[in-house]
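File shown: work32.txt (compact mmCIF, C-alpha atoms).
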```
# COMPACT_ATOMS: atom_id res chain seq x y z
CA MET A 115 118.67 111.93 179.13
CA ASN A 116 116.28 110.12 176.80
CA LYS A 117 118.03 107.05 175.44
CA THR A 118 118.10 106.33 171.72
CA GLN A 119 116.51 103.03 170.79
CA VAL A 120 118.88 101.35 168.33
CA PHE A 121 117.31 98.66 166.15
CA ASN A 122 119.97 96.44 164.62
CA VAL A 123 118.41 94.78 161.56
CA ILE A 124 120.24 92.04 159.67
CA ILE A 125 118.80 90.60 156.45
CA LEU A 126 120.72 87.41 155.69
CA ASP A 127 120.50 85.49 152.42
CA LYS A 128 119.99 81.76 152.88
CA SER A 129 119.72 80.77 149.23
CA GLY A 130 121.32 77.49 148.19
CA SER A 131 124.65 78.99 147.19
CA MET A 132 125.22 80.09 150.79
CA GLU A 133 125.68 76.44 151.77
CA SER A 134 129.45 76.49 151.16
CA ILE A 135 129.86 79.43 153.57
CA ARG A 136 127.03 78.42 155.91
CA GLU A 137 129.16 77.93 159.01
CA ALA A 138 131.04 81.18 158.43
CA ALA A 139 127.76 83.07 158.01
CA ILE A 140 126.52 81.67 161.33
CA ASN A 141 129.76 82.41 163.15
CA GLY A 142 129.93 85.88 161.63
CA PHE A 143 126.44 86.76 162.80
CA ASN A 144 127.19 85.45 166.27
CA GLU A 145 130.31 87.61 166.49
CA THR A 146 128.25 90.60 165.40
CA LEU A 147 125.67 89.81 168.07
CA ASN A 148 128.41 89.64 170.69
CA GLY A 149 129.59 93.06 169.56
CA ILE A 150 126.10 94.52 169.96
CA LYS A 151 125.87 93.01 173.46
CA LYS A 152 129.18 94.66 174.36
CA ALA A 153 127.94 97.96 172.95
CA GLN A 154 124.81 97.76 175.10
CA LYS A 155 126.96 97.45 178.22
CA LYS A 156 129.39 100.16 177.17
CA PHE A 157 126.78 102.70 176.07
CA ALA A 158 123.94 101.76 178.41
CA ASP A 159 123.53 105.35 179.56
CA THR A 160 122.66 106.60 176.07
CA GLN A 161 121.34 103.60 174.07
CA GLU A 162 118.91 100.68 174.20
CA HIS A 163 119.76 98.01 171.64
CA TYR A 164 117.37 95.62 169.89
CA VAL A 165 118.06 92.99 167.26
CA SER A 166 116.12 91.62 164.29
CA LEU A 167 117.47 88.81 162.12
CA LEU A 168 115.60 87.82 158.98
CA THR A 169 116.84 84.94 156.83
CA PHE A 170 115.40 84.53 153.37
CA CYS A 171 115.23 82.28 150.36
CA ASP A 172 112.52 81.50 147.82
CA CYS A 173 110.87 79.08 150.26
CA GLU A 174 110.42 81.47 153.15
CA LYS A 175 111.21 84.72 154.87
CA LYS A 176 111.86 83.84 158.50
CA TYR A 177 112.54 85.98 161.53
CA VAL A 178 114.93 84.13 163.81
CA PHE A 179 114.01 86.93 166.19
CA ASP A 180 112.44 90.32 165.68
CA LYS A 181 112.91 93.53 167.66
CA VAL A 182 114.07 91.65 170.76
CA SER A 183 116.24 93.23 173.41
CA VAL A 184 119.85 92.37 172.69
CA ALA A 185 120.03 90.71 176.11
CA GLU A 186 117.40 88.22 174.93
CA ALA A 187 118.88 87.58 171.48
CA ARG A 188 120.52 84.17 171.21
CA PRO A 189 123.25 82.85 168.92
CA LEU A 190 122.30 81.58 165.48
CA THR A 191 122.52 77.79 165.05
CA MET A 192 122.84 75.37 162.14
CA GLU A 193 119.20 74.41 162.69
CA ASP A 194 118.13 78.05 162.32
CA TYR A 195 119.98 78.53 159.06
CA GLU A 196 119.61 75.91 156.31
CA PRO A 197 120.35 77.35 152.83
CA CYS A 198 118.17 76.35 149.87
CA CYS A 199 116.71 77.59 146.56
CA CYS A 200 116.75 81.16 145.15
CA THR A 201 117.31 84.81 146.15
CA PRO A 202 114.21 87.04 146.51
CA LEU A 203 116.27 89.98 147.75
CA TYR A 204 113.74 92.71 146.98
CA ASP A 205 110.93 90.86 148.74
CA ALA A 206 113.10 90.27 151.81
CA MET A 207 114.10 93.90 151.99
CA GLY A 208 110.64 95.29 151.30
CA PHE A 209 108.99 93.01 153.84
CA THR A 210 111.51 93.65 156.61
CA LEU A 211 111.90 97.39 156.13
CA THR A 212 108.16 98.05 155.89
CA SER A 213 107.46 96.05 159.03
CA MET A 214 110.17 97.84 160.98
CA ARG A 215 109.11 101.24 159.71
CA ASN A 216 105.58 100.67 160.94
CA TYR A 217 106.96 99.81 164.37
CA VAL A 218 109.46 102.63 164.90
CA HIS A 219 107.49 105.40 163.20
CA GLN A 220 105.95 106.70 166.44
CA LEU A 221 108.98 106.26 168.68
CA PRO A 222 110.43 109.57 169.93
CA ASP A 223 114.10 108.75 169.35
CA ALA A 224 115.03 105.66 167.35
CA VAL A 225 117.61 104.75 164.75
CA VAL A 226 117.59 101.66 162.55
CA VAL A 227 120.91 100.15 161.45
CA VAL A 228 120.35 97.76 158.52
CA THR A 229 122.87 95.32 157.05
CA ILE A 230 122.04 93.16 154.02
CA ILE A 231 124.29 90.14 153.36
CA THR A 232 123.98 88.13 150.15
CA ASP A 233 126.23 86.05 147.90
CA GLY A 234 124.17 86.54 144.78
CA LEU A 235 121.87 88.81 142.85
CA GLU A 236 118.11 89.18 143.06
CA ASN A 237 116.38 86.43 141.06
CA ALA A 238 113.08 85.45 142.67
CA SER A 239 111.04 88.37 144.08
CA LYS A 240 107.32 88.45 143.44
CA GLU A 241 106.02 91.27 145.66
CA TYR A 242 108.60 94.07 145.37
CA THR A 243 110.55 95.51 142.46
CA GLY A 244 113.97 97.06 142.64
CA LEU A 245 112.44 100.49 142.03
CA ALA A 246 109.98 100.04 144.91
CA VAL A 247 112.79 99.05 147.28
CA LYS A 248 114.92 101.98 146.11
CA LYS A 249 112.13 104.45 146.87
CA LEU A 250 111.59 102.84 150.27
CA VAL A 251 115.29 103.09 151.13
CA GLU A 252 115.37 106.74 150.07
CA ALA A 253 112.41 107.53 152.32
CA LEU A 254 113.92 105.68 155.27
CA LYS A 255 117.28 107.43 154.94
CA ARG A 256 115.42 110.71 155.39
CA GLU A 257 114.07 109.24 158.63
CA GLY A 258 117.57 108.63 159.98
CA TRP A 259 117.98 104.97 158.98
CA THR A 260 121.38 103.65 157.92
CA PHE A 261 122.13 100.90 155.39
CA THR A 262 125.10 98.71 154.51
CA TYR A 263 125.06 96.25 151.62
CA MET A 264 127.55 93.35 151.75
CA GLY A 265 127.79 91.15 148.68
CA ALA A 266 129.87 88.37 147.15
CA ASN A 267 130.02 87.28 143.50
CA GLN A 268 128.82 90.70 142.30
CA ASP A 269 129.70 94.37 142.09
CA SER A 270 128.23 95.33 145.44
CA VAL A 271 128.77 99.04 144.94
CA GLU A 272 126.74 99.02 141.73
CA VAL A 273 123.97 96.85 143.20
CA ALA A 274 123.76 99.04 146.29
CA PHE A 275 123.81 102.24 144.22
CA ASN A 276 120.78 100.99 142.27
CA LEU A 277 118.99 100.60 145.62
CA SER A 278 120.10 104.07 146.84
CA ILE A 279 122.40 102.49 149.41
CA ARG A 280 125.60 104.48 149.81
CA ASN A 281 127.59 102.10 151.98
CA ALA A 282 128.56 98.87 150.22
CA ARG A 283 131.42 96.41 150.42
CA ASN A 284 132.32 93.18 148.70
CA PHE A 285 133.37 90.10 150.61
CA ASP A 286 135.31 87.13 149.26
CA TYR A 287 133.20 84.05 148.67
CA SER A 288 135.04 81.92 151.23
CA ALA A 289 134.86 81.21 154.95
CA GLU A 290 137.69 83.63 155.60
CA GLY A 291 136.21 86.30 153.37
CA THR A 292 132.79 85.96 154.95
CA MET A 293 134.18 86.31 158.46
CA ALA A 294 136.25 89.30 157.39
CA GLY A 295 133.13 90.97 155.98
CA TRP A 296 131.21 90.43 159.20
CA ALA A 297 134.15 91.77 161.20
CA LYS A 298 134.17 94.98 159.16
CA ASP A 299 130.45 95.41 159.69
CA SER A 300 130.84 94.90 163.46
CA SER A 301 133.66 97.44 163.62
CA THR A 302 131.59 99.95 161.65
CA ARG A 303 128.65 99.46 164.00
CA MET A 304 130.80 100.00 167.11
CA ASN A 305 132.21 103.18 165.58
CA PHE A 306 128.69 104.44 164.93
CA TYR A 307 127.51 103.54 168.45
CA SER A 308 130.46 105.47 169.88
CA ARG A 309 129.66 108.52 167.76
CA LEU A 310 126.02 108.28 168.82
CA ALA A 311 126.97 108.15 172.51
CA HIS A 312 129.15 111.25 172.14
CA PHE A 313 126.36 113.04 170.31
CA LYS A 314 123.80 112.16 172.99
CA LYS A 315 126.03 113.44 175.79
CA ASN A 316 126.30 116.83 174.14
CA ALA A 317 123.54 118.78 175.84
CA ALA A 318 123.09 121.04 172.83
CA CYS A 319 122.21 118.02 170.68
CA ASN A 320 119.36 116.60 172.68
CA GLU A 321 115.82 117.87 173.27
CA THR A 322 116.47 121.23 171.61
CA MET A 323 117.39 119.76 168.22
CA PRO A 324 114.56 119.36 165.68
CA ASP A 325 113.76 115.73 164.82
CA GLU A 326 114.62 116.18 161.15
CA GLU A 327 118.06 117.57 161.95
CA ARG A 328 118.74 114.86 164.54
CA ARG A 329 117.87 112.12 162.05
CA ALA A 330 120.13 113.67 159.43
CA ARG A 331 122.94 113.65 161.97
CA TYR A 332 122.38 109.94 162.62
CA THR A 333 122.73 109.18 158.91
CA ALA A 334 125.84 111.34 158.64
CA MET A 335 127.45 109.63 161.64
CA ALA A 336 126.82 106.22 160.12
CA ASP A 337 128.38 107.30 156.82
CA GLU A 338 131.41 108.67 158.66
CA ALA A 339 131.82 105.40 160.57
CA PHE A 340 131.65 103.42 157.33
CA ASP A 341 134.18 105.66 155.60
CA GLU A 342 136.58 105.40 158.52
CA GLU A 343 136.42 101.59 158.44
CA GLU A 344 136.97 101.52 154.69
CA GLY A 345 139.94 103.84 155.09
CA LYS A 346 141.79 101.42 157.38
CA LYS A 347 144.75 99.57 155.87
```

Translate this file's structure into structure tokens.
Amino acid sequence: MNKTQVFNVIILDKSGSMESIREAAINGFNETLNGIKKAQKKFADTQEHYVSLLTFCDCEKKYVFDKVSVAEARPLTMEDYEPCCCTPLYDAMGFTLTSMRNYVHQLPDAVVVVTIITDGLENASKEYTGLAVKKLVEALKREGWTFTYMGANQDSVEVAFNLSIRNARNFDYSAEGTMAGWAKDSSTRMNFYSRLAHFKKNAACNETMPDEERRARYTAMADEAFDEEEGKK
């Protein structure tokens, strides 16, 4: 069986307003990373997991690590993540998604799972517009990518809708709310990984399935995993 290469991409706002939930953001990412490591062990026969973490503010877009094997990915530290200045959300998304697309485009079986976490609205992009990012997201969804938008201090559903992102959830602007948001994202990911493993083990769904159909199934599985998590009480 050819394994699916799963690229876990996290785009994390580090604008100044994130300072009050800085520690929770770090701890939440680290819990998510632990979940991906567990998934690699559990689904090793069907999946190979990689992790990219980009933090962004108006000063810089910085990869803490990029496309590294999950076994090599390390916990985020206070030194890695120092919030400051404004929120160039569109630039962060455009930069990260374009770079990843160029990398995975030629891979025979890859899926990219993107989560965007921000506590505020776009206010500082110079290279990408909202429309450009929306068109990019729409193209990537057709290639089997999945997206989740997590926001505080905003209507995340509306913001995500304007970027053609279906899956969106708000989180409370507090340490507890931030951790709860990360926990939901981790649970959604594990649900998707489980669905992917089941799909891969079905002989009828492997080499005989056209690439376009397989990618559409990946997107559908991710949406189903999100809906199931949102349906929990």

Taking into account only C-alpha atoms, which residue in the set A:Gln220, A:Thr262, A:Thr191, A:Asn276 is nearest to Ala139 of chain A?
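With only C-alpha atoms as the atom set, the closest residue is A:Thr191.
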
If you count all atoms listed in the file, which residues fall within 12 Å of Gly291 of chain A, apart from same-chain ones fewer than 5 positions away, as a PyMOL selection string?
chain A and resi 135+138-139+142+233+264-267+283-286+296-298

Set out as a Markdown table a contact list for segment 116-221 of chain A and segment 308-313 of chain A with a cut-off of 8 Å, giving each residue of segment 116-221 of chain A that qualifies its closest atom pair and distance in Å to one decimal, counting only C-alpha atoms, ordered by chain and rising residue number.
```
| residue | atom | partner | partner_atom | distance |
| --- | --- | --- | --- | --- |
| A:Phe157 | CA | A:Ala311 | CA | 6.5 |
| A:Thr160 | CA | A:Ala311 | CA | 5.8 |
| A:Gln161 | CA | A:Ala311 | CA | 7.4 |
```

Measure the distance from atom CA of Ser300 of chain A to atom CA of Met335 of chain A in Å and round it to one decimal.
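Atom CA of Met335 of chain A lies at a distance of 15.2 Å from atom CA of Ser300 of chain A.
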
Selected residue of minimal separation from Asp205 of chain A among A:Leu147, A:Ala246, A:Val271, A:Ala330, counting all atoms listed in the file:
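For Asp205 of chain A, the nearest of the given residues is A:Ala246.
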
Just how far from atom CA of Ala339 of chain A is atom CA of Lys315 of chain A, in Å to one decimal?
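Straight-line distance from atom CA of Lys315 of chain A to atom CA of Ala339 of chain A works out to 18.2 Å.
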
For Val227 of chain A, which residue out of A:Ala185, A:Met214, A:Val273, A:Leu203 is the nearest one, using all atoms listed in the file?
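Of all the options, A:Met214 lies closest to Val227 of chain A.
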
Which residue gives the smallest distance to Arg136 of chain A among A:Gly149, A:Gly244, A:Pro197, A:Gly345, with all atoms listed in the file counted?
A:Pro197

When you count all atoms listed in the file, which of these residues is closest to Ser270 of chain A: A:Ile231, A:Leu221, A:Leu167, A:Leu254?
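Residue with the minimum atom-to-atom distance to Ser270 of chain A: A:Ile231.
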
For atom CA of Lys155 of chain A and atom CA of Val184 of chain A, the interatomic separation in Å (one decimal):
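Calculated distance between atom CA of Lys155 of chain A and atom CA of Val184 of chain A is 10.3 Å.
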
Which of A:Asp223, A:Glu137, A:Glu343, A:Glu236 sits closest to Phe170 of chain A [using all atoms listed in the file]
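For Phe170 of chain A, the nearest of the given residues is A:Glu236.
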
Distance query 8 Å from (121.5, 99.7, 149.2) using all atoms listed in the file, result as a ChimeraX atom specification
/A:248,251,261-263,273-282

For those residues, write C-alpha atoms to a file as a compact mmCIF listing (two decimals), in the coordinates of the input.
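Result file again-v8.txt:
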```txt
# COMPACT_ATOMS: atom_id res chain seq x y z
CA LYS A 248 114.92 101.98 146.11
CA VAL A 251 115.29 103.09 151.13
CA PHE A 261 122.13 100.90 155.39
CA THR A 262 125.10 98.71 154.51
CA TYR A 263 125.06 96.25 151.62
CA VAL A 273 123.97 96.85 143.20
CA ALA A 274 123.76 99.04 146.29
CA PHE A 275 123.81 102.24 144.22
CA ASN A 276 120.78 100.99 142.27
CA LEU A 277 118.99 100.60 145.62
CA SER A 278 120.10 104.07 146.84
CA ILE A 279 122.40 102.49 149.41
CA ARG A 280 125.60 104.48 149.81
CA ASN A 281 127.59 102.10 151.98
CA ALA A 282 128.56 98.87 150.22
```

For the interface of segment 203-265 of chain A with segment 120-123 of chain A (cut-off 9 Å, counting all atoms listed in the file), please tabulate each contacting residue of segment 203-265 of chain A alongside its nearest pair of atoms and their separation in Å to one decimal, rows sorted by chain and increasing number, as a tab-separated table.
```
residue	atom	partner	partner_atom	distance
A:Thr210	CA	A:Val123	CA	8.6
A:Leu211	CA	A:Val123	CA	8.9
A:Met214	CA	A:Val123	CA	8.8
A:Val218	CA	A:Phe121	CA	8.9
A:Asp223	CA	A:Val120	CA	8.9
A:Ala224	CA	A:Val120	CA	5.9
A:Val225	CA	A:Val120	CA	5.1
A:Val226	CA	A:Phe121	CA	4.7
A:Val227	CA	A:Asn122	CA	5.0
A:Val228	CA	A:Val123	CA	4.7
A:Thr229	CA	A:Val123	CA	6.4
A:Ile230	CA	A:Val123	CA	8.5
```

Neighbour list for Glu338 of chain A as a PyMOL selection string, cut-off 9 Å, only C-alpha atoms, skip fewer than 4 positions in-chain:
chain A and resi 305-306+333-334+342-343

Counting only C-alpha atoms, I want the residues whose atoms come within 7 Å of (114.3, 85.3, 143.6) in the file frame, returned as number ranges by chain.
A: 172, 200-203, 236-239
